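Q: Dropping in protein.cif, with mmCIF, C-alpha atoms.
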```cif
data_start
#
loop_
_atom_site.label_atom_id
_atom_site.label_comp_id
_atom_site.auth_asym_id
_atom_site.auth_seq_id
_atom_site.Cartn_x
_atom_site.Cartn_y
_atom_site.Cartn_z
CA MET Z 1 0.00 0.00 0.00
CA TYR Z 2 1.32 3.45 -0.89
CA GLU Z 3 1.62 6.14 1.75
CA PHE Z 4 -1.24 8.51 2.44
CA SER Z 5 -2.35 11.00 5.08
CA TYR Z 6 -5.13 9.77 7.35
CA HIS Z 7 -7.90 11.96 8.71
CA ARG Z 8 -10.74 11.13 11.05
CA PRO Z 9 -13.20 14.02 11.06
CA ALA Z 10 -15.96 14.26 13.68
CA SER Z 11 -18.59 15.87 11.42
CA VAL Z 12 -19.79 15.77 7.81
CA ALA Z 13 -18.84 19.44 7.41
CA GLU Z 14 -15.30 18.73 8.53
CA ALA Z 15 -15.09 15.71 6.19
CA ALA Z 16 -16.31 17.84 3.28
CA GLU Z 17 -13.63 20.43 3.97
CA LEU Z 18 -10.91 17.78 4.22
CA ILE Z 19 -11.86 16.07 0.96
CA ALA Z 20 -12.16 19.41 -0.84
CA ASN Z 21 -8.67 20.42 0.24
CA ALA Z 22 -6.99 17.07 -0.47
CA ALA Z 23 -4.91 16.68 -3.64
CA ASP Z 24 -6.42 13.27 -4.42
CA GLY Z 25 -8.56 12.37 -1.45
CA LYS Z 26 -10.74 9.33 -0.88
CA LEU Z 27 -13.53 8.89 1.64
CA VAL Z 28 -13.44 5.55 3.42
CA ALA Z 29 -16.52 4.06 5.04
CA GLY Z 30 -16.05 0.45 6.16
CA GLY Z 31 -13.07 0.02 3.84
CA GLN Z 32 -14.07 -3.46 2.71
CA THR Z 33 -13.49 -2.57 -0.93
CA LEU Z 34 -11.21 0.48 -0.76
CA LEU Z 35 -8.56 -1.12 1.46
CA PRO Z 36 -8.14 -4.26 -0.71
CA THR Z 37 -7.97 -1.95 -3.75
CA MET Z 38 -5.25 0.13 -2.08
CA LYS Z 39 -3.38 -3.01 -1.02
CA HIS Z 40 -3.29 -4.06 -4.67
CA ARG Z 41 -2.06 -0.56 -5.50
CA LEU Z 42 -5.03 -0.06 -7.80
CA ALA Z 43 -5.83 3.05 -5.79
CA SER Z 44 -3.27 5.41 -4.25
CA PRO Z 45 -5.07 8.37 -2.70
CA SER Z 46 -3.03 11.20 -1.19
CA ASP Z 47 -5.47 11.45 1.70
CA VAL Z 48 -7.86 8.97 3.27
CA ILE Z 49 -10.75 10.57 5.11
CA ASP Z 50 -12.32 8.07 7.47
CA LEU Z 51 -16.03 8.65 8.04
CA GLY Z 52 -16.02 6.17 10.94
CA GLY Z 53 -15.87 8.85 13.61
CA ILE Z 54 -18.97 10.74 12.48
CA ALA Z 55 -21.83 9.74 14.77
CA GLU Z 56 -24.47 11.59 12.73
CA LEU Z 57 -23.89 9.21 9.78
CA SER Z 58 -24.89 6.09 11.69
CA GLY Z 59 -28.23 4.77 12.80
CA ILE Z 60 -31.71 3.73 11.75
CA VAL Z 61 -34.84 5.83 12.16
CA VAL Z 62 -38.39 4.89 11.16
CA ASN Z 63 -40.70 7.82 10.58
CA GLY Z 64 -44.15 6.82 9.38
CA ASN Z 65 -43.59 4.87 6.20
CA ILE Z 66 -39.99 5.91 5.68
CA VAL Z 67 -37.04 3.93 6.99
CA THR Z 68 -33.95 6.13 7.09
CA ILE Z 69 -30.61 4.39 7.33
CA GLY Z 70 -27.45 6.40 7.97
CA ALA Z 71 -24.68 5.96 5.41
CA MET Z 72 -22.22 4.53 7.95
CA THR Z 73 -24.68 1.95 9.32
CA THR Z 74 -23.10 -1.47 8.90
CA HIS Z 75 -24.69 -4.41 7.11
CA ALA Z 76 -24.75 -6.27 10.45
CA GLU Z 77 -26.64 -3.40 12.10
CA VAL Z 78 -29.23 -3.30 9.31
CA ALA Z 79 -29.59 -7.09 9.41
CA ALA Z 80 -30.12 -7.11 13.18
CA SER Z 81 -32.35 -4.04 13.36
CA SER Z 82 -35.80 -4.87 14.69
CA GLU Z 83 -37.15 -1.71 12.98
CA VAL Z 84 -35.88 -2.76 9.56
CA ARG Z 85 -36.95 -6.36 10.07
CA GLU Z 86 -40.43 -5.19 10.89
CA ALA Z 87 -40.79 -2.49 8.20
CA ILE Z 88 -38.83 -3.98 5.28
CA PRO Z 89 -37.80 -7.55 6.11
CA ALA Z 90 -36.41 -8.04 2.58
CA LEU Z 91 -33.90 -5.26 3.22
CA ALA Z 92 -32.74 -6.79 6.50
CA ALA Z 93 -32.40 -10.17 4.77
CA LEU Z 94 -30.40 -8.61 1.92
CA ALA Z 95 -27.99 -6.99 4.40
CA ASP Z 96 -27.67 -10.30 6.26
CA ASN Z 97 -26.40 -12.01 3.12
CA ILE Z 98 -23.71 -9.57 1.97
CA GLY Z 99 -20.20 -11.02 2.12
CA ASP Z 100 -19.58 -12.81 5.40
CA PRO Z 101 -20.15 -11.96 9.10
CA ALA Z 102 -16.83 -10.15 9.62
CA VAL Z 103 -17.30 -8.14 6.42
CA ARG Z 104 -20.85 -7.26 7.52
CA ASN Z 105 -19.44 -5.87 10.78
CA ARG Z 106 -17.41 -3.29 8.82
CA GLY Z 107 -19.14 -2.81 5.45
CA THR Z 108 -21.69 0.00 5.23
CA LEU Z 109 -24.72 1.01 3.19
CA GLY Z 110 -23.10 4.26 2.08
CA GLY Z 111 -19.86 2.57 1.10
CA SER Z 112 -21.67 -0.06 -0.92
CA ILE Z 113 -23.76 2.35 -2.97
CA ALA Z 114 -20.96 4.90 -3.45
CA ASN Z 115 -18.74 2.15 -4.82
CA ASN Z 116 -21.55 0.80 -7.04
CA ASP Z 117 -19.99 -2.54 -7.79
CA PRO Z 118 -21.95 -4.09 -10.69
CA ALA Z 119 -22.66 -7.14 -8.52
CA ALA Z 120 -23.42 -5.36 -5.24
CA ASP Z 121 -26.72 -6.10 -3.45
CA TYR Z 122 -27.76 -2.76 -1.94
CA PRO Z 123 -28.15 -0.87 -5.25
CA ALA Z 124 -30.98 -3.22 -6.25
CA ALA Z 125 -32.84 -2.41 -3.02
CA VAL Z 126 -32.29 1.35 -3.32
CA ILE Z 127 -33.75 1.31 -6.85
CA ALA Z 128 -36.60 -1.18 -6.40
CA LEU Z 129 -37.84 0.30 -3.14
CA GLY Z 130 -37.85 3.79 -4.67
CA GLY Z 131 -35.26 4.96 -2.17
CA THR Z 132 -33.82 8.45 -1.96
CA VAL Z 133 -30.11 9.02 -1.44
CA ARG Z 134 -29.48 12.04 0.76
CA THR Z 135 -26.09 13.72 0.52
CA ASN Z 136 -24.53 16.75 2.18
CA ARG Z 137 -25.75 18.78 -0.80
CA ARG Z 138 -29.04 17.37 -2.13
CA GLU Z 139 -31.41 14.43 -2.52
CA ILE Z 140 -31.00 12.00 -5.41
CA ALA Z 141 -33.69 9.53 -6.49
CA GLY Z 142 -32.38 5.99 -6.10
CA GLU Z 143 -33.02 5.08 -9.70
CA ASP Z 144 -30.98 8.09 -10.90
CA PHE Z 145 -28.10 7.41 -8.56
CA PHE Z 146 -26.43 4.44 -10.25
CA THR Z 147 -25.12 5.65 -13.60
CA GLY Z 148 -22.63 3.00 -14.77
CA MET Z 149 -20.03 0.46 -13.72
CA PHE Z 150 -18.56 1.88 -10.47
CA GLU Z 151 -20.11 5.23 -11.48
CA THR Z 152 -22.74 7.18 -9.56
CA ALA Z 153 -24.47 10.56 -9.74
CA LEU Z 154 -22.29 11.77 -6.87
CA GLU Z 155 -20.32 14.87 -7.69
CA GLU Z 156 -16.70 15.37 -6.75
CA ASP Z 157 -16.37 15.39 -2.93
CA GLU Z 158 -20.10 14.86 -2.32
CA ILE Z 159 -20.82 12.79 0.79
CA ILE Z 160 -23.74 10.38 1.23
CA VAL Z 161 -25.50 11.05 4.53
CA ALA Z 162 -28.38 8.55 4.52
CA VAL Z 163 -30.84 6.64 2.37
CA ASP Z 164 -34.61 6.90 2.81
CA PHE Z 165 -36.48 3.69 2.01
CA PRO Z 166 -40.29 3.85 1.68
CA ARG Z 167 -41.97 0.86 3.26
CA PRO Z 168 -43.46 -1.41 0.57
CA GLU Z 169 -46.53 -3.64 0.95
CA ALA Z 170 -44.27 -6.58 0.28
CA ALA Z 171 -40.77 -7.06 -1.08
CA SER Z 172 -38.20 -9.74 -1.71
CA TYR Z 173 -34.63 -10.01 -2.93
CA MET Z 174 -33.36 -13.18 -4.54
CA LYS Z 175 -29.75 -13.57 -5.52
CA PHE Z 176 -27.90 -16.29 -7.31
CA GLU Z 177 -24.58 -15.81 -5.65
CA ASN Z 178 -21.05 -16.61 -6.56
CA PRO Z 179 -20.22 -19.28 -3.96
CA ALA Z 180 -16.70 -17.89 -3.38
CA SER Z 181 -17.28 -14.14 -3.21
CA ARG Z 182 -21.00 -14.23 -2.44
CA TYR Z 183 -21.46 -11.32 -4.82
CA ALA Z 184 -24.56 -11.56 -6.98
CA ILE Z 185 -24.11 -13.31 -10.31
CA VAL Z 186 -27.67 -12.08 -10.71
CA GLY Z 187 -29.90 -10.54 -8.05
CA VAL Z 188 -33.46 -9.33 -8.45
CA PHE Z 189 -35.28 -7.13 -5.95
CA VAL Z 190 -39.06 -6.80 -6.39
CA ALA Z 191 -41.41 -4.64 -4.37
CA ARG Z 192 -45.20 -4.49 -4.31
CA THR Z 193 -46.19 -0.93 -3.49
CA ALA Z 194 -49.56 0.80 -3.31
CA ALA Z 195 -48.79 2.66 -6.53
CA LYS Z 196 -47.32 -0.09 -8.72
CA PRO Z 197 -44.91 -2.99 -8.73
CA ARG Z 198 -41.23 -2.10 -8.81
CA ALA Z 199 -38.21 -4.21 -9.70
CA ALA Z 200 -34.44 -3.84 -10.02
CA VAL Z 201 -31.74 -6.16 -11.26
CA THR Z 202 -28.10 -6.31 -10.14
CA GLY Z 203 -25.13 -8.39 -11.27
CA ALA Z 204 -26.51 -8.86 -14.76
CA THR Z 205 -25.34 -5.70 -16.51
CA ALA Z 206 -22.86 -2.82 -16.07
CA CYS Z 207 -24.65 -1.72 -12.92
CA ALA Z 208 -27.89 -2.22 -11.06
CA HIS Z 209 -30.87 -0.84 -12.95
CA ARG Z 210 -34.61 -0.55 -12.73
CA ALA Z 211 -36.31 -3.43 -14.55
CA PHE Z 212 -39.20 -1.73 -16.31
CA ARG Z 213 -40.19 -4.80 -18.33
CA ILE Z 214 -40.48 -6.93 -15.21
CA GLU Z 215 -42.60 -4.19 -13.65
CA GLU Z 216 -44.88 -4.09 -16.72
CA SER Z 217 -45.34 -7.85 -16.60
CA LEU Z 218 -46.27 -7.65 -12.92
CA GLN Z 219 -48.72 -4.83 -13.50
CA ALA Z 220 -51.25 -7.32 -14.87
CA GLY Z 221 -51.00 -9.41 -11.71
CA PHE Z 222 -48.36 -9.70 -9.02
CA GLY Z 223 -47.64 -13.43 -9.34
CA SER Z 224 -44.70 -15.43 -10.61
CA SER Z 225 -46.73 -16.75 -13.56
CA ALA Z 226 -46.98 -13.14 -14.78
CA LEU Z 227 -43.33 -13.53 -15.76
CA ASP Z 228 -43.77 -16.76 -17.74
CA GLY Z 229 -43.41 -14.92 -21.03
CA PHE Z 230 -40.65 -12.57 -19.82
CA GLU Z 231 -37.21 -12.81 -21.39
CA ALA Z 232 -34.24 -10.65 -20.36
CA PRO Z 233 -32.22 -9.25 -23.29
CA VAL Z 234 -29.14 -11.45 -23.73
CA ASP Z 235 -27.18 -8.76 -25.61
CA LYS Z 236 -27.22 -6.47 -22.55
CA MET Z 237 -25.96 -9.10 -20.09
CA ASN Z 238 -22.47 -9.38 -18.61
CA SER Z 239 -20.49 -12.41 -19.63
CA ASP Z 240 -17.49 -13.68 -17.65
CA ILE Z 241 -15.91 -16.84 -16.26
CA HIS Z 242 -18.72 -17.13 -13.72
CA ALA Z 243 -21.68 -17.01 -16.09
CA SER Z 244 -22.39 -16.46 -19.78
CA ALA Z 245 -24.78 -13.76 -20.99
CA GLU Z 246 -27.37 -16.43 -21.86
CA TYR Z 247 -27.13 -17.93 -18.39
CA ARG Z 248 -27.47 -14.52 -16.74
CA ALA Z 249 -30.51 -13.68 -18.86
CA HIS Z 250 -32.10 -16.94 -17.73
CA LEU Z 251 -31.22 -16.19 -14.11
CA VAL Z 252 -32.87 -12.75 -14.27
CA LYS Z 253 -36.18 -14.41 -15.05
CA ILE Z 254 -35.79 -17.18 -12.49
CA MET Z 255 -34.67 -14.85 -9.68
CA ALA Z 256 -37.51 -12.45 -10.52
CA GLN Z 257 -40.03 -15.30 -10.37
CA ARG Z 258 -38.65 -16.55 -7.06
CA ALA Z 259 -38.69 -13.03 -5.61
CA VAL Z 260 -42.30 -12.49 -6.66
CA ALA Z 261 -43.29 -15.88 -5.25
CA ALA Z 262 -41.61 -14.99 -1.95
CA CYS Z 263 -43.76 -11.85 -1.69
CA ALA Z 264 -46.96 -13.89 -1.55
CA MET F 1 0.40 8.69 14.06
CA LYS F 2 -0.10 7.79 17.68
CA ILE F 3 -2.86 5.36 18.58
CA ASP F 4 -4.21 4.40 21.98
CA LEU F 5 -6.16 1.18 22.25
CA THR F 6 -6.73 -1.81 24.46
CA VAL F 7 -5.35 -5.13 23.27
CA ASN F 8 -6.27 -8.22 25.24
CA GLY F 9 -7.09 -6.10 28.26
CA ARG F 10 -3.80 -4.22 28.17
CA ALA F 11 -3.57 -0.48 27.37
CA VAL F 12 -1.36 0.05 24.33
CA ALA F 13 -0.01 3.36 23.01
CA GLU F 14 2.01 3.05 19.83
CA GLU F 15 3.20 5.04 16.87
CA VAL F 16 2.03 3.64 13.49
CA GLU F 17 2.10 4.67 9.86
CA PRO F 18 -1.42 5.33 8.52
CA ARG F 19 -0.98 2.55 5.94
CA THR F 20 -0.20 -0.09 8.58
CA LEU F 21 -2.89 -2.75 8.55
CA LEU F 22 -4.28 -3.79 11.90
CA VAL F 23 -2.95 -7.32 11.38
CA GLU F 24 0.54 -5.99 10.63
CA PHE F 25 0.38 -3.86 13.76
CA LEU F 26 -0.67 -6.83 15.90
CA ARG F 27 1.86 -9.26 14.47
CA GLU F 28 4.88 -7.12 13.75
CA GLN F 29 4.68 -4.30 16.25
CA LEU F 30 3.01 -6.02 19.22
CA ARG F 31 4.46 -9.44 18.30
CA LEU F 32 1.07 -11.09 18.70
CA THR F 33 1.63 -13.60 15.93
CA GLY F 34 -1.33 -15.80 16.79
CA THR F 35 -3.46 -13.80 14.34
CA HIS F 36 -2.58 -15.15 10.91
CA VAL F 37 -2.47 -13.68 7.42
CA GLY F 38 -3.80 -16.23 4.97
CA CYS F 39 -5.03 -14.55 1.82
CA ASP F 40 -4.52 -10.86 2.61
CA THR F 41 -7.64 -10.16 0.51
CA SER F 42 -10.37 -10.53 3.18
CA GLN F 43 -11.52 -13.91 1.90
CA CYS F 44 -10.02 -16.49 4.26
CA GLY F 45 -10.68 -15.26 7.80
CA ALA F 46 -7.37 -16.42 9.36
CA CYS F 47 -6.91 -12.83 10.58
CA VAL F 48 -10.27 -12.45 12.36
CA VAL F 49 -10.03 -10.57 15.66
CA MET F 50 -12.65 -8.97 17.88
CA ILE F 51 -13.00 -5.19 17.84
CA ASP F 52 -15.34 -3.93 20.57
CA GLY F 53 -16.86 -7.42 20.68
CA LYS F 54 -17.43 -7.80 16.93
CA SER F 55 -15.51 -10.02 14.52
CA VAL F 56 -13.44 -8.12 11.99
CA LYS F 57 -10.90 -9.14 9.35
CA SER F 58 -7.78 -7.42 10.63
CA CYS F 59 -6.17 -7.52 7.17
CA THR F 60 -8.93 -5.21 5.94
CA MET F 61 -8.76 -2.55 8.61
CA LEU F 62 -6.08 0.06 9.23
CA ALA F 63 -4.42 0.10 12.63
CA VAL F 64 -5.32 3.80 12.92
CA MET F 65 -8.99 2.85 12.55
CA ALA F 66 -8.67 0.84 15.79
CA ASP F 67 -7.65 3.92 17.76
CA GLY F 68 -9.69 3.92 20.96
CA CYS F 69 -11.01 0.40 20.38
CA ASP F 70 -10.93 -2.72 22.49
CA VAL F 71 -9.16 -5.47 20.51
CA THR F 72 -9.15 -9.15 21.44
CA THR F 73 -6.86 -11.57 19.63
CA ILE F 74 -6.46 -15.32 20.06
CA GLU F 75 -3.75 -14.62 22.65
CA GLY F 76 -6.32 -12.87 24.83
CA LEU F 77 -8.59 -15.89 25.34
CA ALA F 78 -6.79 -18.32 27.64
CA SER F 79 -6.35 -17.60 31.34
CA GLY F 80 -2.80 -18.68 32.04
CA ALA F 81 -2.47 -22.36 31.22
CA GLU F 82 -6.22 -22.84 31.11
CA LEU F 83 -7.61 -22.67 27.58
CA HIS F 84 -10.79 -20.78 26.80
CA PRO F 85 -13.71 -23.26 26.42
CA MET F 86 -13.80 -22.57 22.66
CA GLN F 87 -10.09 -23.34 22.34
CA GLN F 88 -10.49 -26.47 24.48
CA ALA F 89 -13.36 -27.60 22.26
CA PHE F 90 -11.16 -27.31 19.16
CA MET F 91 -8.57 -29.48 20.92
CA ASP F 92 -11.10 -32.04 22.17
CA ASN F 93 -12.87 -32.36 18.82
CA HIS F 94 -9.76 -32.35 16.63
CA GLY F 95 -11.11 -29.15 15.08
CA LEU F 96 -7.90 -28.52 13.22
CA GLN F 97 -5.34 -30.23 11.07
CA CYS F 98 -2.51 -27.86 10.13
CA GLY F 99 -3.88 -25.18 12.47
CA PHE F 100 -3.30 -22.18 10.23
CA CYS F 101 -6.96 -21.14 10.04
CA THR F 102 -7.64 -22.00 13.70
CA PRO F 103 -7.17 -18.56 15.31
CA GLY F 104 -9.75 -17.08 12.94
CA MET F 105 -12.07 -20.08 13.36
CA VAL F 106 -11.98 -19.72 17.15
CA MET F 107 -12.65 -15.97 16.98
CA SER F 108 -15.53 -16.51 14.55
CA GLY F 109 -16.79 -19.25 16.85
CA LEU F 110 -16.98 -16.71 19.68
CA ASP F 111 -18.81 -14.30 17.38
CA ILE F 112 -21.34 -17.05 16.63
CA VAL F 113 -21.96 -17.58 20.35
CA ASN F 114 -22.36 -13.80 20.84
CA ARG F 115 -25.10 -13.61 18.24
CA HIS F 116 -26.70 -17.07 18.27
CA GLY F 117 -26.25 -18.23 21.84
CA ASN F 118 -25.02 -21.54 23.19
CA GLU F 119 -26.97 -23.95 21.00
CA PRO F 120 -26.31 -22.98 17.37
CA ASP F 121 -27.25 -25.78 14.97
CA ASP F 122 -25.00 -27.18 12.24
CA ALA F 123 -26.58 -25.09 9.50
CA THR F 124 -26.12 -21.87 11.48
CA VAL F 125 -22.48 -22.61 12.23
CA ARG F 126 -21.75 -23.49 8.61
CA ARG F 127 -23.44 -20.38 7.29
CA GLU F 128 -21.67 -18.21 9.84
CA LEU F 129 -18.31 -19.68 8.83
CA SER F 130 -18.74 -18.52 5.24
CA GLY F 131 -15.86 -16.08 5.73
CA ASN F 132 -13.44 -18.61 7.21
CA ILE F 133 -11.66 -20.97 4.88
CA CYS F 134 -9.92 -24.20 5.97
CA ARG F 135 -7.58 -25.63 3.34
CA CYS F 136 -7.29 -28.98 5.11
CA THR F 137 -11.06 -29.30 4.52
CA GLY F 138 -11.58 -29.99 8.18
CA TYR F 139 -15.00 -28.38 8.44
CA GLN F 140 -16.74 -31.41 9.99
CA ASN F 141 -14.75 -31.20 13.18
CA ILE F 142 -14.60 -27.40 13.16
CA VAL F 143 -18.40 -27.30 13.20
CA LYS F 144 -18.44 -29.92 15.94
CA ALA F 145 -15.85 -27.97 17.94
CA ILE F 146 -17.75 -24.69 17.70
CA ARG F 147 -20.99 -26.32 18.79
CA ALA F 148 -19.22 -28.02 21.71
CA GLY F 149 -17.41 -24.79 22.62
CA ALA F 150 -20.66 -22.84 22.48
CA ARG F 151 -22.29 -25.35 24.84
CA ALA F 152 -19.30 -25.31 27.19
CA MET F 153 -19.41 -21.52 27.34
CA GLY F 154 -22.98 -21.72 28.60
CA GLU F 155 -22.12 -24.10 31.42
#
```
I need this file expressed as structure tokens, please.
A:
Amino acid sequence: MYEFSYHRPASVAEAAELIANAADGKLVAGGQTLLPTMKHRLASPSDVIDLGGIAELSGIVVNGNIVTIGAMTTHAEVAASSEVREAIPALAALADNIGDPAVRNRGTLGGSIANNDPAADYPAAVIALGGTVRTNRREIAGEDFFTGMFETALEEDEIIVAVDFPRPEAASYMKFENPASRYAIVGVFVARTAAKPRAAVTGATACAHRAFRIEESLQAGFGSSALDGFEAPVDKMNSDIHASAEYRAHLVKIMAQRAVAACA
Amino acid sequence: MKIDLTVNGRAVAEEVEPRTLLVEFLREQLRLTGTHVGCDTSQCGACVVMIDGKSVKSCTMLAVMADGCDVTTIEGLASGAELHPMQQAFMDNHGLQCGFCTPGMVMSGLDIVNRHGNEPDDATVRRELSGNICRCTGYQNIVKAIRAGARAMGE
């Protein structure tokens, strides 16, 4: 790992000032992706600004139908939260199946969505649940947040503060995971809301995206048979040593059907 | 940078470079070599330690991030010559072959007891060990050992 200067601010304002003044600064949340990347010398920031000391970024608050989760809340905290388990059990279950227990004790919601790994789990939930990403500057609709492979709508030095998740009537996330990394080869998050069905797919393409065609199929009736005629576009799918594009396209349908069935 | 933390009940104040990993700090600076580095890529779990009572992969945390924390390593478990019940259970159940992964397995075992109590079933233990890899493929006895250790800790 190359040398860097380490900072541990106590507030978001202080973190924003530090990152703005750094030559090539990086914010670190749980560090479960950034630190391995730095160890491999694929990243060599001049300054590392650790958000771990900022109390205001951590915690879970339920207000009416909105579950607000602070950016620095760990996967383990979300998984164990009685509020999340009651309001959006699918979200608690998703968090409980990211990586492994020790990774879940460090990895955070904010870190996961800021990194936007194409196979990450959280982005699918943020999109399908119609979440809102709140930063130190503005609010960004979940479905507009993820813009490409490891790319987000975040501007330079913008800091995620929390994500608001509206409570759905029912929701489920099904992932076909890589048995070694436990990243999603394909993951599908579906939500039944009062307004309309919502769905998002992760792992299949460059980054998690809203699955409008799955939503249209479910509009007629929220049941797994509604997806019998659905086919995911093979030409848009990722293809790698873990799964071919054809296999991923097949998995999108199967995971979507299983997720819908689990909502019943 | 100077860090102040508690390691195995002992107050420690040390100077570290920001890029020093927690596992490097424990092994090379404090000479607590019981915590192992297997993969160095947060896959294998040989480096698992407890930070404020929660299992963490010490190869994927900076030492400076542990400033002010309470760290427990495998060396902090036994009382003198008397092994911790989880360590004793690994011995009694032949829960190891080469022993390289054992420190992390024992720490993860303690984390399982913290969250699942003294009677975790096989499926729970296996799922919870998803971040600990044993290259001798000794999982049968590791699972047995953790279940026995969990029970012993409740007695």
Q: Do me a favour and pick out the residues of chain Z within 12 Å of chain F, using all atoms listed in the file, as a PyMOL selection string.
A: chain Z and resi 1-8+28-41+44-53+74+76-77+79-80+96-107+179-182
Q: For the point (-42.4, -20.0, -20.4) in the file's frame, write as a tab-separated table (two decimals) with C-alpha atoms, keeping the file's coordinate frame all residues with an atom no more than 12 Å away, counting only C-alpha atoms.
A:
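Contents of point-v9.tsv, as written:
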```tsv
chain	number	residue	atom	x	y	z
Z	224	SER	CA	-44.70	-15.43	-10.61
Z	225	SER	CA	-46.73	-16.75	-13.56
Z	226	ALA	CA	-46.98	-13.14	-14.78
Z	227	LEU	CA	-43.33	-13.53	-15.76
Z	228	ASP	CA	-43.77	-16.76	-17.74
Z	229	GLY	CA	-43.41	-14.92	-21.03
Z	230	PHE	CA	-40.65	-12.57	-19.82
Z	231	GLU	CA	-37.21	-12.81	-21.39
Z	250	HIS	CA	-32.10	-16.94	-17.73
Z	253	LYS	CA	-36.18	-14.41	-15.05
Z	254	ILE	CA	-35.79	-17.18	-12.49
Z	257	GLN	CA	-40.03	-15.30	-10.37
```
Q: Provide the atom CA of Arg85 of chain Z to atom CA of Glu169 of chain Z distance in Å, to one decimal place.
A: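 Between atom CA of Arg85 of chain Z and atom CA of Glu169 of chain Z the gap works out to 13.5 Å.
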Q: My list of candidates is Z:Pro168, Z:Ala43, Z:Pro9, Z:Leu57. Which is closest to Asp24 of chain Z when distances are computed with all atoms listed in the file?
A: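 For Asp24 of chain Z, the nearest of the given residues is Z:Ala43.
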Q: Grab the atom CA of Ser11 of chain Z to atom CA of Ala55 of chain Z distance for me, in Å with one decimal place.
A: 7.7 Å
Q: To one decimal place in Å, what is the distance between atom CA of Thr135 of chain Z and atom CA of Gly64 of chain Z?
A: 21.3 Å
Q: Running the PyMOL selection byres ((chain Z and resi 81) around 12) on this model by hand, what would come out? Give it as a PyMOL selection string.
A: chain Z and resi 59-62+67+69+73-80+82-89+91-93+95-96
Q: Evaluated on this file, the PyMOL selection byres ((chain F and resi 101) around 12) picks out some residues - which ones are they, written as a short mmCIF file (atom, residue, chain, number, x, y, z; two decimals) with C-alpha atoms, keeping the file's coordinate frame?
A:
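Below you can see out_0.cif, which holds the result:
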```cif
data_model
loop_
_atom_site.label_atom_id
_atom_site.label_comp_id
_atom_site.auth_asym_id
_atom_site.auth_seq_id
_atom_site.Cartn_x
_atom_site.Cartn_y
_atom_site.Cartn_z
CA GLY F 34 -1.33 -15.80 16.79
CA THR F 35 -3.46 -13.80 14.34
CA HIS F 36 -2.58 -15.15 10.91
CA VAL F 37 -2.47 -13.68 7.42
CA GLY F 38 -3.80 -16.23 4.97
CA CYS F 39 -5.03 -14.55 1.82
CA GLN F 43 -11.52 -13.91 1.90
CA CYS F 44 -10.02 -16.49 4.26
CA GLY F 45 -10.68 -15.26 7.80
CA ALA F 46 -7.37 -16.42 9.36
CA CYS F 47 -6.91 -12.83 10.58
CA VAL F 48 -10.27 -12.45 12.36
CA ILE F 74 -6.46 -15.32 20.06
CA PHE F 90 -11.16 -27.31 19.16
CA GLY F 95 -11.11 -29.15 15.08
CA LEU F 96 -7.90 -28.52 13.22
CA GLN F 97 -5.34 -30.23 11.07
CA CYS F 98 -2.51 -27.86 10.13
CA GLY F 99 -3.88 -25.18 12.47
CA PHE F 100 -3.30 -22.18 10.23
CA THR F 102 -7.64 -22.00 13.70
CA PRO F 103 -7.17 -18.56 15.31
CA GLY F 104 -9.75 -17.08 12.94
CA MET F 105 -12.07 -20.08 13.36
CA VAL F 106 -11.98 -19.72 17.15
CA MET F 107 -12.65 -15.97 16.98
CA SER F 108 -15.53 -16.51 14.55
CA LEU F 129 -18.31 -19.68 8.83
CA GLY F 131 -15.86 -16.08 5.73
CA ASN F 132 -13.44 -18.61 7.21
CA ILE F 133 -11.66 -20.97 4.88
CA CYS F 134 -9.92 -24.20 5.97
CA ARG F 135 -7.58 -25.63 3.34
CA CYS F 136 -7.29 -28.98 5.11
CA THR F 137 -11.06 -29.30 4.52
CA GLY F 138 -11.58 -29.99 8.18
CA TYR F 139 -15.00 -28.38 8.44
CA ILE F 142 -14.60 -27.40 13.16
#
```
Q: Using only C-alpha atoms, which residue out of Z:Ile19, Z:Pro233, Z:Arg213, Z:Val163 lies closest to Met72 of chain Z?
A: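 So, comparing all the options, the nearest one is Z:Val163.
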Q: Could you tell me which of Z:Ala211, Z:Val190, Z:Glu151, Z:Ile185 comes closest to Ser239 of chain Z if we count all atoms listed in the file?
A: Z:Ile185
Q: So which residues are close to (-35.5, -12.1, -5.3), meaning at most 12 Å away in the file's coordinates with only C-alpha atoms counted, and can you show them as a PyMOL selection string?
A: chain Z and resi 90-91+93-94+121+124-125+128+170-177+184+186-191+199-202+224+251-263
Q: Name the residues that the PyMOL selection byres ((chain Z and resi 215) around 6) pulls out of this structure, and write them as a short mmCIF file (atom, residue, chain, number, x, y, z; two decimals) with C-alpha atoms, in the frame of the given file.
A:
```cif
data_model
loop_
_atom_site.label_atom_id
_atom_site.label_comp_id
_atom_site.auth_asym_id
_atom_site.auth_seq_id
_atom_site.Cartn_x
_atom_site.Cartn_y
_atom_site.Cartn_z
CA PRO Z 197 -44.91 -2.99 -8.73
CA ARG Z 198 -41.23 -2.10 -8.81
CA ALA Z 199 -38.21 -4.21 -9.70
CA PHE Z 212 -39.20 -1.73 -16.31
CA ARG Z 213 -40.19 -4.80 -18.33
CA ILE Z 214 -40.48 -6.93 -15.21
CA GLU Z 216 -44.88 -4.09 -16.72
CA SER Z 217 -45.34 -7.85 -16.60
CA LEU Z 218 -46.27 -7.65 -12.92
#
```
Q: Which of these residues is nearest to Asn136 of chain Z, using all atoms listed in the file: Z:Val12, Z:Thr68, Z:Phe150, Z:Ala264?
A: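 Once distances to Asn136 of chain Z are computed over all atoms listed in the file, the minimum belongs to Z:Val12.
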Q: Choose the residue, out of Z:Glu139, Z:Glu155, Z:Asp144, Z:Glu14, that has the smallest atom-to-atom separation from Ala208 of chain Z; count all atoms listed in the file.
A: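 Distance minimum relative to Ala208 of chain Z lands on Z:Asp144.
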